[in-house]
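Trainee: Provided herewith is a single structure, encoded as structure tokens, for subsequent inquiry.
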Amino acid sequence: MGYTIEDAAALAERAKLRFSHDQLVKLTKDLNDIIRYVDQLAVLDTEGVPPMTHPHSFINVWRDDEPREGLTVEQALANAPDRQGQFFRVPRIVAGEAEE
Amino acid sequence: MAITDLREHNISELHAMLLRGDMSARELVGASLERIRRYDGTVGAFITVDDAGAIAAAERADEAIAAARSGATSGAAAGAAASAGGGAGADGLPILTGIPVALKDNICTEGIATTAGSKILTGFVPPYSATVAERLTAAGAVIVGKANMDEFAMGSTTESSAFHPTRNPYDTQRVPGGSSGGSVAAVAAGMVCAAVGTDTGGSVRQPSAFCGTVGLKPTYARVSRYGVVGFGSSLDCVGPIAGNVRDCATMLGVMAGHDPKDSTSSPEAVPDYVAAVERGADGVRGVKIGVPREFFADGLDGGVRAAIERTIARLEEAGAEIVEVSIPNVEHSLAVYYLVATAEASSNLARYDGVRYGFRAVGAGDVGSAIAASRTEGFGPEVQRRILLGSHALSAGNYTAYFDKAMRVRTLIRRDIEAVLAECDCFVSPTAPTTALRIGELVEDPLTMYLQDIYTIVANLVGVPALSVPCGLHGGLPVGFQVFGPMFGETMLFRVAAAVEQASAGEMRRPELEVM
């Protein structure tokens with residue numbers, strides 16, 4: 001019992017990655033190998049042990065609420081693969097009539 | 001005087017030579033660029049070399065040096081150094097003035113392409129610089145280029161770079177280690193005086209072991225991560241790489257300190273790290289050094305083990321007290337790491353969508369398809385594998401069994417380390433289980449590749465600092481000796497490392513570079 005190709009395909013869909021059938025076969029094997037390895041943790045007794053999310057426990061790190069310079073629109077858009085005016089341009093999101 | 005190999009002198013010596021006028025910063029930086037031109041076709045340490053920017057920075061450095069020599073205080077340079085915290089020498093000239101350094105290519109540099117070794121960041125030119133880059137520049141350092149790395153710092157060989165592999169300067173048929181392989185190789189090859197890498201599971205220390213450099217993973221939160229491409233945010237640290245312990249300490253003194261732009265950075269005061277190096281071998285007198293028995297079990301190469309044990313004996317001769325200790329849960333650290341690191345990576349790497357910057361696949365239909373196509377074409381196989389594993393660990397049905405479980409075992413490992421450090425001032429181990437591997441030896445087997453990190457990842461899981469220092473050669477290749485210390489205990493690491501360096505000096509040799 002382990003990961004199936006269908007499981008890997010579903011994960012890939014959620015992660016927004018696409019694979020050929022051959023790639024999925026290889027990835028399914030890799031995932032199963034790694035998951036079998038990490039399953040060693042299952043036998044450890046962690047009852048009452050708190051999870052460690054971070055090496056430090058800073059809580060509520062504030063800074064003064066002062067206005068400061070951010071990126072300009074031109075700087076923010078300088079790396080855009082596609083733009084239109086002051087906007088990032090992407091392919092159509094909602095089906096509808098063609099653009100002008 | 002002419003310098004060709006930048007490792008002939010340490011940074012303090014170069015600083016004095018620049019101030020005396022033995023050479024100019026322009027000459028020193030010129031030597032760096034010339035060495036890169038001559039050898040980087042073979043080594044492949046760099047993704048981008050910024051000749052023009054480096055020369056301009058060197059000319060500014062020469063102006064600051066001229067001002068310091070004439071006795072006039074260079075207001076701008078001195079002020080910048082003061083704000084950089086520990087950057088200025090007693091002579092009023094910031095300690096890194098005119099010193100050529102390399103930055104790993106996951107550290108943002110305004111106006112210089114930053115790729116993280118990935119096709120998905122092709123063409124990305126950051127509109128701002130990482131705080132660590134700004135601190136180095138404020139202390140006078142000259143950034144000559146951006147160093148090669150495993151894609152998104154995920155790897156132990158620098159073979160997963162989307163651009164080209166890097167070769168080990170000691171043997172060009174071997175890998176430099178990874179993921180900061182370019183930064184380390186540039187230092188080992190004498191192309192730069194020092195470099196900056198990132199270490200999420202050993203990515204500064206393991207390549208330092210393979211290439212005979214000194215590499216430090218500082219305490220978590222010691223160095224700002226603002227402007228550094230995120231991988232595993234509870235693990236990532238930015239660390240210095242240098243040709244000797246003193247230069248590594250000098251670099252950390254400039255890099256460390258609180259940054260209001262990084263809410264995870266620590267306000268803890270920055271001590272004088274260089275002072276910790278001054279005592280040499282005598283620095284370990286009376287220091288209690290733990291040797292965890294789990295780090296000397298199966299899987300450790302015999303030659304590496306012999307070099308480490310010889311070094312431990314020398315530390316004892318120098319006056320250290322050696323005690324055997326145990327970290328019972330360390331055997332689970334790799335499993336914990338590959339759940340935590342991949343879960344955090346899958347979250348961090350969700351931002352790469354081809355919409356705002358970086359690579360966008362052409363010809364996809366709607367926006368969802370465009371994002372999936374961009375990620376599919378833009379990420380390499382190891383990155384995709386880790387995103388999938390992380391998505392698995394975080395998905396609703398698996399969260400408790402995998403991610404939550406891993407975080408609890410992480411606490412058990414931390415308790416083990418705290419117990420050891422309550423008993424000892426520091427503890428030591430090999431940095432890597434072997435010397436440098438042959439190119440291609442590991443690429444096909446992810447689990448074996450992950451085992452490269454077996455001795456290093458515990459420091460990232462717990463947050464403590466750890467350093468790799470060369471302790472000799474085995475089969476002509478460097479062996480790395482690793483020292484772990486308490487949180488914010490970098491001075492202890494430098495003391496022990498200085499002693500190791502002095503005790504091993506007779507056995508190290510520098511790489512002999514060839515032009516292929």
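In the structure tokens, chains take the letters A, B, ... in the order shown, each chain's residues start at 1, and ligands count up from 1 in the order shown.
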Would you give me, as a list in words, the residues in stretch 29-186 of chain B that DSSP reads as strand (DSSP E)?
Mentor: Phe46, Ile47, Thr48, Val49, Pro100, Val101, Ala102, Leu103, Lys104, Val142, Ile143, Val144, Gly145, Lys146 and Ala147 of chain B
Trainee: Counting only C-alpha atoms, which residues in chain B sit no more than 8 Å from chain A? For each one, give the nearest pair of atoms and the distance in Å, sorted by chain then residue number, as a tab-separated table.
Mentor:
```
residue	atom	partner	partner_atom	distance
B:Gly123	CA	A:Asn79	CA	7.6
B:Phe124	CA	A:Asn79	CA	6.0
B:Val125	CA	A:Asn79	CA	6.9
B:Pro127	CA	A:Gln75	CA	6.1
B:Tyr220	CA	A:Pro55	CA	6.8
B:Ser234	CA	A:His54	CA	5.2
B:Leu235	CA	A:His54	CA	7.9
B:Pro260	CA	A:Arg63	CA	7.3
B:Ser263	CA	A:Val61	CA	6.1
B:Thr264	CA	A:Phe58	CA	7.4
B:His332	CA	A:Leu41	CA	7.0
B:Ala335	CA	A:Val38	CA	4.6
B:Val336	CA	A:Val38	CA	7.3
B:Tyr338	CA	A:Val38	CA	7.9
B:Leu339	CA	A:Val38	CA	7.7
B:Ser346	CA	A:Ala15	CA	7.8
B:Ala350	CA	A:Ala15	CA	7.7
B:Gly354	CA	A:Pro81	CA	7.1
B:Val355	CA	A:Val90	CA	6.7
B:Arg356	CA	A:Ala80	CA	4.8
B:Tyr357	CA	A:Ala80	CA	4.7
B:Gly358	CA	A:Pro81	CA	6.7
B:Phe359	CA	A:Pro81	CA	6.9
B:Arg360	CA	A:Pro81	CA	6.3
B:Gly365	CA	A:Pro91	CA	6.9
B:Asp366	CA	A:Pro91	CA	5.3
B:Val367	CA	A:Pro91	CA	4.9
B:Gly368	CA	A:Ile93	CA	7.7
B:Ala370	CA	A:Pro91	CA	7.3
B:Ile371	CA	A:Lys16	CA	7.1
B:Ala372	CA	A:Lys16	CA	4.7
B:Ala373	CA	A:Arg18	CA	7.3
B:Arg375	CA	A:Leu17	CA	6.1
B:Thr376	CA	A:Leu17	CA	5.1
B:Gln384	CA	A:Leu17	CA	7.6
B:Arg385	CA	A:Leu27	CA	6.9
B:Ile387	CA	A:Ala15	CA	7.1
B:Leu388	CA	A:Leu11	CA	6.3
B:Leu389	CA	A:Leu31	CA	6.7
B:Ser391	CA	A:Leu11	CA	6.7
B:His392	CA	A:Leu11	CA	6.8
B:Ala401	CA	A:Ala42	CA	7.5
B:Asp404	CA	A:Pro51	CA	6.7
B:Lys405	CA	A:Leu41	CA	7.3
B:Ala406	CA	A:Leu41	CA	7.3
B:Met407	CA	A:Pro51	CA	4.6
B:Arg408	CA	A:Pro51	CA	4.1
B:Val409	CA	A:Thr46	CA	6.9
B:Arg410	CA	A:Met52	CA	6.0
B:Thr411	CA	A:Met52	CA	5.3
B:Leu412	CA	A:Val49	CA	7.6
B:Pro446	CA	A:Asp30	CA	7.5
B:Leu447	CA	A:Ile34	CA	6.8
B:Leu461	CA	A:Pro55	CA	7.4
B:Val462	CA	A:Pro55	CA	5.9
B:Gly463	CA	A:Pro55	CA	5.1
```
Trainee: Contacts of B:Thr219 at 8 Å or less, counting only C-alpha atoms, minus same-chain residues fewer than 2 places along, as a list in words?
Mentor: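 Neighbouring residues, sequence-local ones excluded: Lys217, Ala221, Arg222, Cys237, Gly463, Val464, Pro465, Ala466, Met487, Phe488, Gly489 and Glu490 of chain B.
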Trainee: Tell me which of A:Val43, A:Val73, A:Arg68, A:Ile5 sits closest to A:Ser20, counting only C-alpha atoms.
Mentor: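 Nearest candidate to A:Ser20 out of A:Val43, A:Val73, A:Arg68, A:Ile5: A:Ile5.
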Trainee: Fewer than 2 positions away in the same chain doesn't count, so skip those; otherwise give me all residues within 7 Å of stretch 106-108 of chain B, counting only C-alpha atoms, as an mmCIF file with all heavy atoms, in the first residue's frame.
Mentor:
```
data_model
loop_
_atom_site.group_PDB
_atom_site.id
_atom_site.type_symbol
_atom_site.label_atom_id
_atom_site.label_comp_id
_atom_site.auth_asym_id
_atom_site.auth_seq_id
_atom_site.Cartn_x
_atom_site.Cartn_y
_atom_site.Cartn_z
ATOM 1 N N LEU B 103 28.275 36.682 -4.093
ATOM 2 C CA LEU B 103 27.023 36.365 -3.407
ATOM 3 C C LEU B 103 26.337 35.218 -4.143
ATOM 4 O O LEU B 103 26.287 35.201 -5.375
ATOM 5 C CB LEU B 103 26.063 37.568 -3.410
ATOM 6 C CG LEU B 103 26.526 38.868 -2.759
ATOM 7 C CD1 LEU B 103 25.383 39.884 -2.794
ATOM 8 C CD2 LEU B 103 26.972 38.637 -1.335
ATOM 9 N N LYS B 104 25.803 34.301 -3.377
ATOM 10 C CA LYS B 104 24.997 33.239 -3.965
ATOM 11 C C LYS B 104 23.839 33.879 -4.723
ATOM 12 O O LYS B 104 23.300 34.911 -4.294
ATOM 13 C CB LYS B 104 24.488 32.341 -2.839
ATOM 14 C CG LYS B 104 23.806 31.057 -3.279
ATOM 15 C CD LYS B 104 23.471 30.207 -2.056
ATOM 16 C CE LYS B 104 22.811 28.894 -2.403
ATOM 17 N NZ LYS B 104 22.564 28.066 -1.186
ATOM 18 N N GLU B 110 20.128 44.751 -6.360
ATOM 19 C CA GLU B 110 19.438 45.733 -7.202
ATOM 20 C C GLU B 110 20.188 45.923 -8.516
ATOM 21 O O GLU B 110 21.387 46.203 -8.530
ATOM 22 C CB GLU B 110 19.344 47.070 -6.461
ATOM 23 C CG GLU B 110 18.534 48.106 -7.226
ATOM 24 C CD GLU B 110 18.389 49.419 -6.461
ATOM 25 O OE1 GLU B 110 18.760 49.453 -5.269
ATOM 26 O OE2 GLU B 110 17.916 50.391 -7.064
ATOM 27 N N THR B 114 19.135 38.031 -10.659
ATOM 28 C CA THR B 114 19.128 37.104 -9.521
ATOM 29 C C THR B 114 18.220 35.947 -9.908
ATOM 30 O O THR B 114 17.029 36.145 -10.150
ATOM 31 C CB THR B 114 18.604 37.827 -8.260
ATOM 32 O OG1 THR B 114 19.492 38.914 -7.967
ATOM 33 C CG2 THR B 114 18.541 36.895 -7.070
ATOM 34 N N THR B 115 18.789 34.739 -10.000
ATOM 35 C CA THR B 115 18.044 33.623 -10.595
ATOM 36 C C THR B 115 17.684 32.504 -9.626
ATOM 37 O O THR B 115 16.867 31.651 -9.975
ATOM 38 C CB THR B 115 18.876 32.967 -11.715
ATOM 39 O OG1 THR B 115 20.017 32.332 -11.118
ATOM 40 C CG2 THR B 115 19.345 33.992 -12.740
ATOM 41 N N ALA B 116 18.353 32.428 -8.471
ATOM 42 C CA ALA B 116 18.212 31.258 -7.584
ATOM 43 C C ALA B 116 18.526 29.957 -8.336
ATOM 44 O O ALA B 116 18.052 28.893 -7.956
ATOM 45 C CB ALA B 116 16.827 31.205 -6.935
ATOM 46 N N PRO B 126 16.247 42.289 -9.665
ATOM 47 C CA PRO B 126 15.555 42.808 -8.483
ATOM 48 C C PRO B 126 15.547 44.332 -8.435
ATOM 49 O O PRO B 126 16.547 44.970 -8.767
ATOM 50 C CB PRO B 126 16.378 42.251 -7.306
ATOM 51 C CG PRO B 126 17.131 41.104 -7.869
ATOM 52 C CD PRO B 126 17.387 41.434 -9.307
ATOM 53 N N TYR B 128 15.433 45.894 -5.664
ATOM 54 C CA TYR B 128 16.052 46.259 -4.382
ATOM 55 C C TYR B 128 17.103 45.211 -4.037
ATOM 56 O O TYR B 128 17.134 44.128 -4.626
ATOM 57 C CB TYR B 128 15.002 46.335 -3.270
ATOM 58 C CG TYR B 128 14.299 45.039 -2.988
ATOM 59 C CD1 TYR B 128 14.818 44.154 -2.051
ATOM 60 C CD2 TYR B 128 13.134 44.673 -3.674
ATOM 61 C CE1 TYR B 128 14.185 42.951 -1.796
ATOM 62 C CE2 TYR B 128 12.507 43.472 -3.430
ATOM 63 C CZ TYR B 128 13.033 42.613 -2.488
ATOM 64 O OH TYR B 128 12.424 41.411 -2.244
ATOM 65 N N SER B 129 17.950 45.544 -3.058
ATOM 66 C CA SER B 129 18.988 44.608 -2.618
ATOM 67 C C SER B 129 18.624 43.997 -1.279
ATOM 68 O O SER B 129 18.001 44.640 -0.433
ATOM 69 C CB SER B 129 20.334 45.331 -2.472
ATOM 70 O OG SER B 129 20.880 45.609 -3.740
ATOM 71 N N ALA B 130 19.076 42.763 -1.081
ATOM 72 C CA ALA B 130 18.953 42.111 0.220
ATOM 73 C C ALA B 130 19.726 42.921 1.255
ATOM 74 O O ALA B 130 20.736 43.549 0.936
ATOM 75 C CB ALA B 130 19.510 40.694 0.149
ATOM 76 N N GLY B 227 15.210 39.974 1.396
ATOM 77 C CA GLY B 227 15.748 39.967 0.038
ATOM 78 C C GLY B 227 16.450 38.683 -0.347
ATOM 79 O O GLY B 227 17.102 38.625 -1.384
ATOM 80 N N VAL B 228 16.323 37.646 0.473
ATOM 81 C CA VAL B 228 16.911 36.343 0.144
ATOM 82 C C VAL B 228 15.773 35.406 -0.247
ATOM 83 O O VAL B 228 14.757 35.325 0.452
ATOM 84 C CB VAL B 228 17.692 35.775 1.349
ATOM 85 C CG1 VAL B 228 18.283 34.416 1.018
ATOM 86 C CG2 VAL B 228 18.791 36.750 1.770
ATOM 87 N N VAL B 229 15.933 34.718 -1.356
ATOM 88 C CA VAL B 229 14.870 33.855 -1.873
ATOM 89 C C VAL B 229 14.569 32.752 -0.856
ATOM 90 O O VAL B 229 15.462 31.999 -0.477
ATOM 91 C CB VAL B 229 15.290 33.243 -3.228
ATOM 92 C CG1 VAL B 229 14.238 32.257 -3.722
ATOM 93 C CG2 VAL B 229 15.521 34.345 -4.260
#
```
